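Below: entry.pdb (PDB, C-alpha atoms)
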ATOM      1  CA  MET A   1      -7.712  42.297 -44.496  1.00  0.00           C
ATOM      2  CA  THR A   2      -9.460  43.174 -41.250  1.00  0.00           C
ATOM      3  CA  SER A   3      -9.054  41.393 -37.948  1.00  0.00           C
ATOM      4  CA  SER A   4     -12.569  39.931 -38.099  1.00  0.00           C
ATOM      5  CA  THR A   5     -11.870  37.514 -40.943  1.00  0.00           C
ATOM      6  CA  PRO A   6     -12.215  33.791 -40.236  1.00  0.00           C
ATOM      7  CA  ALA A   7      -8.464  33.283 -40.666  1.00  0.00           C
ATOM      8  CA  ALA A   8      -7.693  35.897 -38.023  1.00  0.00           C
ATOM      9  CA  ARG A   9     -10.267  34.437 -35.636  1.00  0.00           C
ATOM     10  CA  SER A  10      -8.840  30.941 -36.003  1.00  0.00           C
ATOM     11  CA  ARG A  11      -5.340  32.296 -35.400  1.00  0.00           C
ATOM     12  CA  TYR A  12      -6.598  34.012 -32.245  1.00  0.00           C
ATOM     13  CA  ALA A  13      -8.196  30.728 -31.147  1.00  0.00           C
ATOM     14  CA  VAL A  14      -4.858  28.898 -31.428  1.00  0.00           C
ATOM     15  CA  VAL A  15      -3.072  31.707 -29.573  1.00  0.00           C
ATOM     16  CA  LEU A  16      -5.747  31.843 -26.860  1.00  0.00           C
ATOM     17  CA  LEU A  17      -5.629  28.069 -26.371  1.00  0.00           C
ATOM     18  CA  THR A  18      -1.839  28.239 -26.117  1.00  0.00           C
ATOM     19  CA  VAL A  19      -2.005  30.956 -23.458  1.00  0.00           C
ATOM     20  CA  VAL A  20      -4.623  28.984 -21.495  1.00  0.00           C
ATOM     21  CA  TRP A  21      -2.509  25.796 -21.756  1.00  0.00           C
ATOM     22  CA  VAL A  22       0.667  27.533 -20.539  1.00  0.00           C
ATOM     23  CA  GLY A  23      -1.249  29.228 -17.713  1.00  0.00           C
ATOM     24  CA  ALA A  24      -2.819  25.935 -16.625  1.00  0.00           C
ATOM     25  CA  CYS A  25       0.572  24.195 -16.637  1.00  0.00           C
ATOM     26  CA  LEU A  26       2.098  26.995 -14.571  1.00  0.00           C
ATOM     27  CA  ALA A  27      -0.789  26.876 -12.077  1.00  0.00           C
ATOM     28  CA  LEU A  28      -0.433  23.110 -11.702  1.00  0.00           C
ATOM     29  CA  LEU A  29       3.329  23.427 -11.288  1.00  0.00           C
ATOM     30  CA  TRP A  30       2.711  25.968  -8.519  1.00  0.00           C
ATOM     31  CA  TRP A  31       0.268  23.563  -6.863  1.00  0.00           C
ATOM     32  CA  LEU A  32       2.865  20.782  -7.027  1.00  0.00           C
ATOM     33  CA  PHE A  33       5.497  23.139  -5.607  1.00  0.00           C
ATOM     34  CA  THR A  34       3.280  24.089  -2.643  1.00  0.00           C
ATOM     35  CA  ILE A  35       2.627  20.415  -1.905  1.00  0.00           C
ATOM     36  CA  GLY A  36       6.383  19.837  -1.980  1.00  0.00           C
ATOM     37  CA  MET A  37       6.980  22.697   0.424  1.00  0.00           C
ATOM     38  CA  GLU A  38       4.293  21.302   2.724  1.00  0.00           C
ATOM     39  CA  GLY A  39       6.053  17.931   2.621  1.00  0.00           C
ATOM     40  CA  TRP A  40       9.362  19.589   3.398  1.00  0.00           C
ATOM     41  CA  ALA A  41       7.842  21.400   6.386  1.00  0.00           C
ATOM     42  CA  ASP A  42       6.194  18.185   7.579  1.00  0.00           C
ATOM     43  CA  HIS A  43       9.504  16.350   7.344  1.00  0.00           C
ATOM     44  CA  HIS A  44      11.286  18.929   9.471  1.00  0.00           C
ATOM     45  CA  SER A  45       8.570  19.642  12.042  1.00  0.00           C
ATOM     46  CA  ASN A  46       6.482  16.459  12.385  1.00  0.00           C
ATOM     47  CA  GLY A  47       9.017  13.801  11.425  1.00  0.00           C
ATOM     48  CA  ASP A  48       7.072  12.787   8.301  1.00  0.00           C
ATOM     49  CA  GLY A  49       3.838  12.310  10.222  1.00  0.00           C
ATOM     50  CA  ARG A  50       1.723  13.023   7.129  1.00  0.00           C
ATOM     51  CA  ALA A  51       4.130  11.715   4.484  1.00  0.00           C
ATOM     52  CA  ALA A  52       1.678   9.197   3.010  1.00  0.00           C
ATOM     53  CA  GLU A  53      -1.112  11.770   2.652  1.00  0.00           C
ATOM     54  CA  ILE A  54       1.207  14.352   1.102  1.00  0.00           C
ATOM     55  CA  GLY A  55       2.602  11.700  -1.236  1.00  0.00           C
ATOM     56  CA  ARG A  56      -0.891  10.846  -2.484  1.00  0.00           C
ATOM     57  CA  ARG A  57      -1.724  14.537  -2.967  1.00  0.00           C
ATOM     58  CA  SER A  58       1.460  15.126  -4.937  1.00  0.00           C
ATOM     59  CA  ALA A  59       0.766  12.040  -7.071  1.00  0.00           C
ATOM     60  CA  ARG A  60      -2.712  13.377  -7.896  1.00  0.00           C
ATOM     61  CA  ALA A  61      -1.310  16.813  -8.728  1.00  0.00           C
ATOM     62  CA  LEU A  62       1.332  15.212 -10.949  1.00  0.00           C
ATOM     63  CA  LEU A  63      -1.335  13.268 -12.833  1.00  0.00           C
ATOM     64  CA  PHE A  64      -3.316  16.476 -13.399  1.00  0.00           C
ATOM     65  CA  LEU A  65      -0.160  18.202 -14.597  1.00  0.00           C
ATOM     66  CA  ALA A  66       0.734  15.345 -16.957  1.00  0.00           C
ATOM     67  CA  ALA A  67      -2.770  15.258 -18.427  1.00  0.00           C
ATOM     68  CA  THR A  68      -2.740  19.012 -18.950  1.00  0.00           C
ATOM     69  CA  ALA A  69       0.819  19.167 -20.267  1.00  0.00           C
ATOM     70  CA  ALA A  70       0.271  16.408 -22.830  1.00  0.00           C
ATOM     71  CA  GLY A  71      -3.435  16.929 -23.530  1.00  0.00           C
ATOM     72  CA  GLY A  72      -3.205  20.680 -24.100  1.00  0.00           C
ATOM     73  CA  PRO A  73      -0.960  20.495 -27.163  1.00  0.00           C
ATOM     74  CA  ALA A  74      -3.063  17.622 -28.526  1.00  0.00           C
ATOM     75  CA  VAL A  75      -6.230  19.752 -28.324  1.00  0.00           C
ATOM     76  CA  ILE A  76      -4.437  22.739 -29.834  1.00  0.00           C
ATOM     77  CA  ALA A  77      -3.167  20.495 -32.640  1.00  0.00           C
ATOM     78  CA  LEU A  78      -6.723  19.379 -33.400  1.00  0.00           C
ATOM     79  CA  VAL A  79      -7.911  22.990 -33.515  1.00  0.00           C
ATOM     80  CA  ALA A  80      -4.963  23.974 -35.721  1.00  0.00           C
ATOM     81  CA  PHE A  81      -5.634  21.107 -38.130  1.00  0.00           C
ATOM     82  CA  GLY A  82      -9.324  22.092 -38.159  1.00  0.00           C
ATOM     83  CA  CYS A  83      -8.313  25.659 -39.045  1.00  0.00           C
ATOM     84  CA  ARG A  84      -6.002  24.335 -41.788  1.00  0.00           C
ATOM     85  CA  TYR A  85      -2.787  25.352 -40.026  1.00  0.00           C
ATOM     86  CA  ARG A  86      -0.986  22.167 -40.971  1.00  0.00           C
ATOM     87  CA  ARG A  87       2.515  23.105 -39.761  1.00  0.00           C
ATOM     88  CA  THR A  88       1.195  24.539 -36.499  1.00  0.00           C
ATOM     89  CA  GLY A  89      -0.809  21.377 -35.931  1.00  0.00           C
ATOM     90  CA  LEU A  90       2.236  19.211 -36.572  1.00  0.00           C
ATOM     91  CA  VAL A  91       4.344  21.250 -34.140  1.00  0.00           C
ATOM     92  CA  TYR A  92       1.751  20.935 -31.382  1.00  0.00           C
ATOM     93  CA  LEU A  93       1.235  17.241 -32.111  1.00  0.00           C
ATOM     94  CA  PHE A  94       5.005  16.669 -31.894  1.00  0.00           C
ATOM     95  CA  LEU A  95       5.063  18.636 -28.641  1.00  0.00           C
ATOM     96  CA  ALA A  96       2.232  16.524 -27.213  1.00  0.00           C
ATOM     97  CA  VAL A  97       4.071  13.295 -28.041  1.00  0.00           C
ATOM     98  CA  VAL A  98       7.385  14.529 -26.595  1.00  0.00           C
ATOM     99  CA  VAL A  99       5.744  15.705 -23.371  1.00  0.00           C
ATOM    100  CA  ALA A 100       3.757  12.462 -23.019  1.00  0.00           C
ATOM    101  CA  VAL A 101       6.869  10.332 -23.491  1.00  0.00           C
ATOM    102  CA  ALA A 102       8.897  12.477 -21.090  1.00  0.00           C
ATOM    103  CA  LEU A 103       6.244  12.289 -18.364  1.00  0.00           C
ATOM    104  CA  THR A 104       5.507   8.563 -18.702  1.00  0.00           C
ATOM    105  CA  PRO A 105       7.907   7.417 -15.922  1.00  0.00           C
ATOM    106  CA  ALA A 106       6.518  10.033 -13.522  1.00  0.00           C
ATOM    107  CA  VAL A 107       2.940   9.023 -14.357  1.00  0.00           C
ATOM    108  CA  VAL A 108       3.729   5.340 -13.771  1.00  0.00           C
ATOM    109  CA  ASP A 109       5.239   6.198 -10.381  1.00  0.00           C
ATOM    110  CA  ALA A 110       2.253   8.384  -9.464  1.00  0.00           C
ATOM    111  CA  VAL A 111      -0.207   5.624 -10.393  1.00  0.00           C
ATOM    112  CA  ARG A 112       1.824   3.177  -8.305  1.00  0.00           C
ATOM    113  CA  THR A 113       1.635   5.609  -5.377  1.00  0.00           C
ATOM    114  CA  LEU A 114      -2.136   5.987  -5.681  1.00  0.00           C
ATOM    115  CA  ARG A 115      -2.819   2.260  -6.065  1.00  0.00           C
ATOM    116  CA  PRO A 116      -3.897   0.741  -2.745  1.00  0.00           C
ATOM    117  CA  PRO A 117      -1.470  -1.815  -1.300  1.00  0.00           C
ATOM    118  CA  ALA A 118      -2.212  -5.446  -2.035  1.00  0.00           C
ATOM    119  CA  ALA A 119      -3.831  -7.448   0.730  1.00  0.00           C
ATOM    120  CA  SER A 120      -1.221  -9.350   2.677  1.00  0.00           C
ATOM    121  CA  VAL A 121      -1.377 -13.133   2.792  1.00  0.00           C
ATOM    122  CA  PRO A 122      -2.217 -14.240   6.321  1.00  0.00           C
ATOM    123  CA  ALA A 123       0.288 -16.426   8.112  1.00  0.00           C
ATOM    124  CA  PRO A 124      -0.734 -20.045   8.589  1.00  0.00           C
ATOM    125  CA  THR A 125      -2.407 -20.640  11.939  1.00  0.00           C
ATOM    126  CA  THR A 126      -2.344 -24.433  12.018  1.00  0.00           C
ATOM    127  CA  CYS A 127       0.510 -26.459  13.443  1.00  0.00           C
ATOM    128  CA  GLN A 128       2.177 -28.981  11.154  1.00  0.00           C
ATOM    129  CA  GLU A 129       4.669 -31.527  12.337  1.00  0.00           C
ATOM    130  CA  HIS A 130       7.914 -31.650  10.440  1.00  0.00           C
ATOM    131  CA  SER A 131       9.966 -34.751   9.740  1.00  0.00           C
ATOM    132  CA  GLY A 132      12.828 -35.553  12.047  1.00  0.00           C
ATOM    133  CA  GLY A 133      10.873 -36.127  15.235  1.00  0.00           C
ATOM    134  CA  ASP A 134      10.382 -32.449  16.076  1.00  0.00           C
ATOM    135  CA  ASN A 135       6.876 -31.769  17.505  1.00  0.00           C
ATOM    136  CA  ARG A 136       7.266 -28.011  17.918  1.00  0.00           C
ATOM    137  CA  CYS A 137       5.170 -25.714  15.779  1.00  0.00           C
ATOM    138  CA  PRO A 138       7.113 -23.405  13.481  1.00  0.00           C
ATOM    139  CA  GLY A 139       7.270 -19.868  14.817  1.00  0.00           C
ATOM    140  CA  GLY A 140       6.592 -20.671  18.458  1.00  0.00           C
TER
END
Target encoding structure tokens, full file:
Amino acid sequence: MTSSTPAARSRYAVVLLTVVWVGACLALLWWLFTIGMEGWADHHSNGDGRAAEIGRRSARALLFLAATAAGGPAVIALVAFGCRYRRTGLVYLFLAVVVAVALTPAVVDAVRTLRPPAASVPAPTTCQEHSGGDNRCPGG
């Protein structure tokens, strides 16, 4: 059998997708690490002057990492099933589920960080008399 058969090409496709997935995860981990180092430097030099901005950037990077880490094995599983590599597809599908479950708490926290704060309820501005003969307005 030569290396140009369809079976060999499909095997190379699964291997190539795996290498791309691992490389993408490593690149995103490096990005997250550099954001963390920037936050550490900001904490020590500026007294957390940019903490909110760095927190949002790290939340975005974490969401990209989670999507890549869980979505990559899912795509590879689909390709493996399409190439009739049933066991390989099951392994990658299992890996996708495990990674998705493991990253769920981090994703929830990142989404909470990126969600804008709720509008605060304004304090009442009218004066109401209270029972007991007191005519003072509450709060001043």
For this session: Tell me which residues the PyMOL selection byres ((chain A and resi 82-85) around 10) grabs here, as a PyMOL selection string.
Result: chain A and resi 6-7+9-11+13-14+76-81+86-90
Exercise. Which of these residues is nearest to Leu16 (chain A), using only C-alpha atoms: A:Gly72, A:Ser120, A:Glu53, A:Gly39?
Worked result: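 Selected residue with least distance to Leu16 (chain A): A:Gly72.
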Problem set entry | From A:Leu65, A:Met37, A:Val20, A:Ala27, residue lying nearest Thr104 (chain A) [all atoms listed in the file] |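 Answer, going by the shortest atom-to-atom distance: A:Leu65.
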For this session: On this file, the PyMOL selection byres ((chain A and resi 106) around 12) gives some set of residues; write that set as a list of chain:residue names.
Result: A:Ser58, A:Ala59, A:Arg60, A:Ala61, A:Leu62, A:Leu63, A:Phe64, A:Leu65, A:Ala66, A:Ala67, A:Val99, A:Ala100, A:Val101, A:Ala102, A:Leu103, A:Thr104, A:Pro105, A:Val107, A:Val108, A:Asp109, A:Ala110, A:Val111, A:Arg112, A:Thr113
For this session: Please provide the set of residues having any atom within 7 Å of Ala74 (chain A), restricted to all atoms listed in the file, with same-chain residues fewer than 3 positions apart removed, written as a ChimeraX atom specification.
Result: /A:70-71,77-78,92-93,96
Exercise. Rounded to one decimal in Å, what is the spacing between CA of Ala51 (chain A) and CA of Thr34 (chain A)?
Worked result: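 So the two atoms, CA of Ala51 (chain A) and CA of Thr34 (chain A), lie 14.3 Å apart.
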Place all heavy atoms on region 24-35 of chain A and deliver the coordinates as an mmCIF file, keeping the file's coordinate frame.
data_model
loop_
_atom_site.group_PDB
_atom_site.id
_atom_site.type_symbol
_atom_site.label_atom_id
_atom_site.label_comp_id
_atom_site.auth_asym_id
_atom_site.auth_seq_id
_atom_site.Cartn_x
_atom_site.Cartn_y
_atom_site.Cartn_z
ATOM 1 N N ALA A 24 -2.382 27.098 -17.400
ATOM 2 C CA ALA A 24 -2.819 25.935 -16.625
ATOM 3 C C ALA A 24 -1.623 25.111 -16.156
ATOM 4 O O ALA A 24 -1.592 24.649 -15.007
ATOM 5 C CB ALA A 24 -3.764 25.079 -17.459
ATOM 6 N N CYS A 25 -0.635 24.941 -17.028
ATOM 7 C CA CYS A 25 0.572 24.195 -16.637
ATOM 8 C C CYS A 25 1.324 24.916 -15.529
ATOM 9 O O CYS A 25 1.795 24.285 -14.570
ATOM 10 C CB CYS A 25 1.484 23.975 -17.846
ATOM 11 S SG CYS A 25 0.882 22.713 -18.978
ATOM 12 N N LEU A 26 1.423 26.230 -15.622
ATOM 13 C CA LEU A 26 2.098 26.995 -14.571
ATOM 14 C C LEU A 26 1.331 26.917 -13.247
ATOM 15 O O LEU A 26 1.944 26.788 -12.178
ATOM 16 C CB LEU A 26 2.284 28.444 -15.005
ATOM 17 C CG LEU A 26 3.319 28.675 -16.104
ATOM 18 C CD1 LEU A 26 3.306 30.136 -16.543
ATOM 19 C CD2 LEU A 26 4.701 28.263 -15.634
ATOM 20 N N ALA A 27 0.010 26.983 -13.295
ATOM 21 C CA ALA A 27 -0.789 26.876 -12.077
ATOM 22 C C ALA A 27 -0.628 25.502 -11.434
ATOM 23 O O ALA A 27 -0.490 25.385 -10.206
ATOM 24 C CB ALA A 27 -2.262 27.155 -12.390
ATOM 25 N N LEU A 28 -0.609 24.453 -12.249
ATOM 26 C CA LEU A 28 -0.433 23.110 -11.702
ATOM 27 C C LEU A 28 0.981 22.898 -11.172
ATOM 28 O O LEU A 28 1.175 22.208 -10.162
ATOM 29 C CB LEU A 28 -0.781 22.066 -12.765
ATOM 30 C CG LEU A 28 -2.277 21.969 -13.073
ATOM 31 C CD1 LEU A 28 -2.517 21.117 -14.306
ATOM 32 C CD2 LEU A 28 -3.040 21.418 -11.881
ATOM 33 N N LEU A 29 1.964 23.494 -11.821
ATOM 34 C CA LEU A 29 3.329 23.427 -11.288
ATOM 35 C C LEU A 29 3.407 24.131 -9.936
ATOM 36 O O LEU A 29 4.100 23.662 -9.019
ATOM 37 C CB LEU A 29 4.316 24.062 -12.270
ATOM 38 C CG LEU A 29 4.807 23.171 -13.395
ATOM 39 C CD1 LEU A 29 5.588 23.991 -14.400
ATOM 40 C CD2 LEU A 29 5.659 22.043 -12.848
ATOM 41 N N TRP A 30 2.726 25.253 -9.796
ATOM 42 C CA TRP A 30 2.711 25.968 -8.519
ATOM 43 C C TRP A 30 2.042 25.116 -7.441
ATOM 44 O O TRP A 30 2.506 25.054 -6.306
ATOM 45 C CB TRP A 30 2.000 27.313 -8.663
ATOM 46 C CG TRP A 30 2.017 28.082 -7.389
ATOM 47 C CD1 TRP A 30 0.971 28.288 -6.539
ATOM 48 C CD2 TRP A 30 3.138 28.733 -6.800
ATOM 49 N NE1 TRP A 30 1.380 29.021 -5.462
ATOM 50 C CE2 TRP A 30 2.713 29.311 -5.602
ATOM 51 C CE3 TRP A 30 4.461 28.886 -7.187
ATOM 52 C CZ2 TRP A 30 3.557 30.025 -4.771
ATOM 53 C CZ3 TRP A 30 5.301 29.607 -6.358
ATOM 54 C CH2 TRP A 30 4.860 30.162 -5.169
ATOM 55 N N TRP A 31 0.958 24.450 -7.795
ATOM 56 C CA TRP A 31 0.268 23.563 -6.863
ATOM 57 C C TRP A 31 1.204 22.440 -6.411
ATOM 58 O O TRP A 31 1.294 22.138 -5.222
ATOM 59 C CB TRP A 31 -0.990 23.016 -7.517
ATOM 60 C CG TRP A 31 -1.847 22.141 -6.637
ATOM 61 C CD1 TRP A 31 -2.024 22.256 -5.288
ATOM 62 C CD2 TRP A 31 -2.643 21.051 -7.067
ATOM 63 N NE1 TRP A 31 -2.903 21.278 -4.857
ATOM 64 C CE2 TRP A 31 -3.292 20.532 -5.919
ATOM 65 C CE3 TRP A 31 -2.883 20.467 -8.300
ATOM 66 C CZ2 TRP A 31 -4.166 19.446 -5.982
ATOM 67 C CZ3 TRP A 31 -3.756 19.396 -8.351
ATOM 68 C CH2 TRP A 31 -4.382 18.898 -7.210
ATOM 69 N N LEU A 32 1.917 21.843 -7.352
ATOM 70 C CA LEU A 32 2.865 20.782 -7.027
ATOM 71 C C LEU A 32 3.993 21.315 -6.144
ATOM 72 O O LEU A 32 4.438 20.650 -5.211
ATOM 73 C CB LEU A 32 3.416 20.176 -8.321
ATOM 74 C CG LEU A 32 4.046 18.806 -8.255
ATOM 75 C CD1 LEU A 32 3.080 17.786 -7.691
ATOM 76 C CD2 LEU A 32 4.491 18.383 -9.633
ATOM 77 N N PHE A 33 4.449 22.527 -6.420
ATOM 78 C CA PHE A 33 5.497 23.139 -5.607
ATOM 79 C C PHE A 33 5.020 23.363 -4.173
ATOM 80 O O PHE A 33 5.753 23.091 -3.219
ATOM 81 C CB PHE A 33 5.937 24.468 -6.241
ATOM 82 C CG PHE A 33 6.925 25.239 -5.415
ATOM 83 C CD1 PHE A 33 8.253 24.834 -5.348
ATOM 84 C CD2 PHE A 33 6.525 26.348 -4.696
ATOM 85 C CE1 PHE A 33 9.167 25.535 -4.589
ATOM 86 C CE2 PHE A 33 7.433 27.060 -3.931
ATOM 87 C CZ PHE A 33 8.757 26.658 -3.870
ATOM 88 N N THR A 34 3.786 23.850 -3.995
ATOM 89 C CA THR A 34 3.280 24.089 -2.643
ATOM 90 C C THR A 34 3.103 22.777 -1.874
ATOM 91 O O THR A 34 3.362 22.732 -0.666
ATOM 92 C CB THR A 34 1.946 24.856 -2.671
ATOM 93 O OG1 THR A 34 0.984 24.122 -3.417
ATOM 94 C CG2 THR A 34 2.118 26.241 -3.240
ATOM 95 N N ILE A 35 2.714 21.721 -2.560
ATOM 96 C CA ILE A 35 2.627 20.415 -1.905
ATOM 97 C C ILE A 35 4.024 19.956 -1.483
ATOM 98 O O ILE A 35 4.209 19.414 -0.393
ATOM 99 C CB ILE A 35 1.945 19.383 -2.825
ATOM 100 C CG1 ILE A 35 0.468 19.724 -3.023
ATOM 101 C CG2 ILE A 35 2.073 17.973 -2.247
ATOM 102 C CD1 ILE A 35 -0.225 18.900 -4.074
#
